[in-house]
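Undergrad: To be precise about what I am sending: the file is called upload-v9.tsv and holds TSV, C-alpha atoms.
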```tsv
chain	number	residue	atom	x	y	z
A	45	MET	CA	49.76	129.65	62.80
A	46	ALA	CA	46.13	129.73	61.62
A	47	GLN	CA	47.18	130.16	57.99
A	48	TYR	CA	48.72	126.65	58.07
A	49	LEU	CA	45.66	124.80	59.35
A	50	LYS	CA	44.23	124.01	55.93
A	51	LYS	CA	45.47	120.59	54.87
A	52	SER	CA	47.80	120.73	51.88
A	53	PRO	CA	48.22	118.04	49.25
A	54	ARG	CA	51.02	115.57	49.97
A	55	ASN	CA	53.12	116.85	47.06
A	56	ALA	CA	52.75	120.53	48.02
A	57	ARG	CA	55.85	122.19	49.40
A	58	MET	CA	55.51	123.18	53.02
A	59	PRO	CA	56.30	126.76	53.97
A	60	ASP	CA	59.58	127.53	55.66
A	61	PRO	CA	59.83	126.41	59.28
A	62	ILE	CA	58.19	128.59	61.88
A	63	TYR	CA	59.09	129.22	65.49
A	64	SER	CA	57.12	130.26	68.51
A	65	ASP	CA	58.57	131.95	71.59
A	66	LEU	CA	56.32	130.66	74.37
A	67	LYS	CA	58.10	132.75	77.04
A	68	THR	CA	57.64	130.91	80.38
A	69	MET	CA	55.27	127.93	80.37
A	70	ASP	CA	54.49	125.13	82.79
A	71	TYR	CA	56.20	121.92	81.64
A	72	GLU	CA	53.04	119.79	81.49
A	73	ALA	CA	51.11	122.45	79.53
A	74	CYS	CA	54.04	122.73	77.12
A	75	LEU	CA	54.17	118.95	76.72
A	76	LYS	CA	50.47	118.92	75.75
A	77	LEU	CA	51.17	121.68	73.23
A	78	GLN	CA	54.08	119.69	71.79
A	79	HIS	CA	51.82	116.68	71.28
A	80	ALA	CA	49.20	118.86	69.55
A	81	VAL	CA	51.78	120.52	67.28
A	82	HIS	CA	53.31	117.12	66.49
A	83	GLY	CA	49.89	115.75	65.51
A	84	ALA	CA	49.26	118.76	63.27
A	85	ARG	CA	52.75	118.37	61.74
A	86	VAL	CA	52.17	114.68	60.99
A	87	GLU	CA	48.86	115.53	59.30
A	88	GLY	CA	50.54	118.18	57.14
A	89	LEU	CA	48.65	121.01	58.83
A	90	LEU	CA	51.78	122.79	60.05
A	91	PRO	CA	55.28	123.20	58.65
A	92	ASP	CA	58.36	122.29	60.68
A	93	THR	CA	58.02	124.13	63.97
A	94	LEU	CA	60.47	125.17	66.67
A	95	LEU	CA	59.05	125.89	70.12
A	96	LEU	CA	61.22	128.05	72.40
A	97	VAL	CA	60.33	128.17	76.08
A	98	GLU	CA	61.53	128.56	79.65
A	99	HIS	CA	59.98	126.38	82.34
A	100	PRO	CA	59.50	127.05	86.04
A	101	HIS	CA	61.67	124.75	88.18
A	102	VAL	CA	60.92	121.16	87.11
A	103	LEU	CA	62.59	117.76	87.14
A	104	THR	CA	61.50	115.38	84.40
A	105	PHE	CA	61.85	111.65	84.85
A	106	GLY	CA	62.17	109.82	81.54
A	107	ARG	CA	61.45	106.14	80.89
A	108	ARG	CA	65.01	105.22	81.86
A	109	ALA	CA	65.16	107.49	84.91
A	110	HIS	CA	67.19	106.38	87.89
A	111	GLU	CA	65.40	108.00	90.81
A	112	GLU	CA	68.45	107.38	92.98
A	113	ASN	CA	70.09	110.18	90.96
A	114	VAL	CA	67.88	112.62	92.86
A	115	LEU	CA	69.37	112.95	96.33
A	116	VAL	CA	66.29	114.26	98.17
A	117	PRO	CA	62.70	113.00	98.37
A	118	GLU	CA	60.13	114.33	95.91
A	119	SER	CA	58.23	115.91	98.83
A	120	THR	CA	61.30	118.03	99.65
A	121	LEU	CA	61.54	119.18	96.03
A	122	GLN	CA	57.86	120.12	96.03
A	123	GLN	CA	58.34	122.15	99.23
A	124	GLN	CA	61.06	124.05	97.36
A	125	GLY	CA	58.69	124.75	94.44
A	126	ILE	CA	60.23	122.16	92.13
A	127	THR	CA	57.70	120.13	90.16
A	128	CYS	CA	58.44	116.49	89.31
A	129	VAL	CA	56.96	115.10	86.08
A	130	HIS	CA	57.21	111.52	84.84
A	131	ILE	CA	57.23	111.51	81.03
A	132	GLU	CA	57.04	108.97	78.21
A	133	ARG	CA	60.30	110.06	76.63
A	134	GLY	CA	63.58	108.27	77.13
A	135	GLY	CA	66.34	109.54	79.27
A	136	ASP	CA	67.18	109.92	82.90
A	137	VAL	CA	66.36	112.83	85.21
A	138	THR	CA	66.54	116.30	83.65
A	139	TYR	CA	66.25	119.72	85.28
A	140	HIS	CA	64.68	122.71	83.53
A	141	GLY	CA	64.26	126.12	85.12
A	142	PRO	CA	64.15	129.89	84.82
A	143	GLY	CA	66.91	131.35	82.68
A	144	GLN	CA	67.32	128.13	80.68
A	145	LEU	CA	66.04	128.41	77.12
A	146	VAL	CA	64.68	125.07	75.90
A	147	ALA	CA	64.13	124.40	72.20
A	148	TYR	CA	61.67	121.74	71.07
A	149	PRO	CA	62.06	121.07	67.33
A	150	ILE	CA	59.02	119.40	65.75
A	151	PHE	CA	60.39	118.67	62.29
A	152	SER	CA	59.64	116.07	59.68
A	153	LEU	CA	62.60	113.76	59.23
A	154	GLY	CA	60.98	111.96	56.32
A	155	LYS	CA	62.36	111.80	52.82
A	156	ASN	CA	59.83	114.23	51.30
A	157	ARG	CA	59.67	116.44	54.40
A	158	SER	CA	56.06	117.32	53.66
```
Can you dump the structure from the file as structure tokens?
TA:
Amino acid sequence: MAQYLKKSPRNARMPDPIYSDLKTMDYEACLKLQHAVHGARVEGLLPDTLLLVEHPHVLTFGRRAHEENVLVPESTLQQQGITCVHIERGGDVTYHGPGQLVAYPIFSLGKNRS
């Protein structure tokens, strides 16, 4: 990705999208990476990027999460090796885990797509 870190002029065409297979990555570390890639994408430092990853067992609680949808206490989940993460994104409770490929597209949806 280093070749994309030089800022391009606004009217320059971005290279084709890139993808990165992150293998298995902790959810919170991956979330920090997503924020960093998003910031670089907004600044025009990276082209559209697709992150592919598997997470260890994790439940994410979005802004609209209904905790009553989880039938056991968080302490029980932690004893089972399941991490619980409260996130700024919308949505309810979502499970991610080994064997589940998750794709995070970080694409410009703007008119010029630069």
Undergrad: Give me, please, the distance in Å between CA of Val137 in chain A and CA of Glu98 in chain A, quoted to one decimal.
TA: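 Answer for the CA of Val137 in chain A to CA of Glu98 in chain A separation: 17.4 Å.
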Undergrad: Mind pulling up the distance from CA of Ser152 in chain A to CA of Ile62 in chain A?
TA: 12.8 Å
Undergrad: Enter the distance from CA of Leu103 in chain A to CA of Tyr71 in chain A, in Å, rounded to one decimal.
TA: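 So the answer is 9.4 Å.
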Undergrad: For Leu153 in chain A, which residue out of A:Lys67, A:Arg85, A:His110, A:His140 is the nearest one, using all atoms listed in the file?
TA: A:Arg85
Undergrad: Between A:Thr93, A:Thr104, A:Gln78, A:Thr68, which one has atoms that come closest to Asp136 in chain A, using only C-alpha atoms?
TA: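 Closest candidate: A:Thr104.
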Undergrad: Rank nothing, just name the residue among A:Leu95, A:Leu115, A:Leu121, A:Val86 nearest to Met69 in chain A, using all atoms listed in the file.
TA: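 Answer, going by the shortest atom-to-atom distance: A:Leu95.
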Undergrad: Compare A:Pro149, A:Gly106, A:Pro117, A:Pro142 by their minimum atom-to-atom distance to His130 in chain A, counting all atoms listed in the file, and give me the closest one.
TA: A:Gly106
Undergrad: For the point (57.8, 119.2, 63.6) in file coordinates, what residues are within 12 Å, counting only C-alpha atoms? Give the answer as a ChimeraX atom specification?
TA: /A:58,60-63,77-95,147-154,157-158
Undergrad: Pull range 114-154 of chain A out of the block and emit C-alpha atoms, as a PDB file, in the first residue's frame.
TA:
```pdb
ATOM      1  CA  VAL A 114     -28.182 -12.011  24.155  1.00  0.00           C
ATOM      2  CA  LEU A 115     -29.541 -14.716  26.427  1.00  0.00           C
ATOM      3  CA  VAL A 116     -26.559 -15.048  28.799  1.00  0.00           C
ATOM      4  CA  PRO A 117     -24.604 -12.476  30.805  1.00  0.00           C
ATOM      5  CA  GLU A 118     -21.491 -10.902  29.282  1.00  0.00           C
ATOM      6  CA  SER A 119     -19.389 -12.555  32.022  1.00  0.00           C
ATOM      7  CA  THR A 120     -20.529 -15.985  30.807  1.00  0.00           C
ATOM      8  CA  LEU A 121     -19.574 -15.106  27.233  1.00  0.00           C
ATOM      9  CA  GLN A 122     -16.138 -13.946  28.388  1.00  0.00           C
ATOM     10  CA  GLN A 123     -15.625 -17.225  30.267  1.00  0.00           C
ATOM     11  CA  GLN A 124     -16.318 -18.983  26.954  1.00  0.00           C
ATOM     12  CA  GLY A 125     -13.702 -16.844  25.170  1.00  0.00           C
ATOM     13  CA  ILE A 126     -16.235 -14.610  23.430  1.00  0.00           C
ATOM     14  CA  THR A 127     -15.316 -10.922  23.416  1.00  0.00           C
ATOM     15  CA  CYS A 128     -18.054  -8.285  23.586  1.00  0.00           C
ATOM     16  CA  VAL A 129     -17.400  -4.952  21.869  1.00  0.00           C
ATOM     17  CA  HIS A 130     -19.686  -1.909  21.880  1.00  0.00           C
ATOM     18  CA  ILE A 131     -19.246  -0.005  18.618  1.00  0.00           C
ATOM     19  CA  GLU A 132     -20.357   3.308  17.106  1.00  0.00           C
ATOM     20  CA  ARG A 133     -22.009   1.713  14.100  1.00  0.00           C
ATOM     21  CA  GLY A 134     -25.720   1.107  13.813  1.00  0.00           C
ATOM     22  CA  GLY A 135     -27.307  -2.240  14.134  1.00  0.00           C
ATOM     23  CA  ASP A 136     -28.149  -4.751  16.784  1.00  0.00           C
ATOM     24  CA  VAL A 137     -25.971  -7.560  18.131  1.00  0.00           C
ATOM     25  CA  THR A 138     -23.762  -9.328  15.584  1.00  0.00           C
ATOM     26  CA  TYR A 139     -21.596 -12.430  15.970  1.00  0.00           C
ATOM     27  CA  HIS A 140     -18.309 -12.882  14.112  1.00  0.00           C
ATOM     28  CA  GLY A 141     -16.048 -15.890  14.522  1.00  0.00           C
ATOM     29  CA  PRO A 142     -13.570 -18.361  13.072  1.00  0.00           C
ATOM     30  CA  GLY A 143     -14.544 -19.690   9.655  1.00  0.00           C
ATOM     31  CA  GLN A 144     -16.629 -16.601   8.837  1.00  0.00           C
ATOM     32  CA  LEU A 145     -15.043 -14.376   6.206  1.00  0.00           C
ATOM     33  CA  VAL A 146     -15.934 -10.730   6.800  1.00  0.00           C
ATOM     34  CA  ALA A 147     -15.493  -8.122   4.067  1.00  0.00           C
ATOM     35  CA  TYR A 148     -15.119  -4.452   4.952  1.00  0.00           C
ATOM     36  CA  PRO A 149     -15.392  -2.289   1.812  1.00  0.00           C
ATOM     37  CA  ILE A 150     -13.903   1.184   2.218  1.00  0.00           C
ATOM     38  CA  PHE A 151     -15.009   2.762  -1.048  1.00  0.00           C
ATOM     39  CA  SER A 152     -15.732   6.287  -2.133  1.00  0.00           C
ATOM     40  CA  LEU A 153     -19.408   6.685  -2.934  1.00  0.00           C
ATOM     41  CA  GLY A 154     -18.942  10.228  -4.192  1.00  0.00           C
TER      42      GLY A 154
END
```
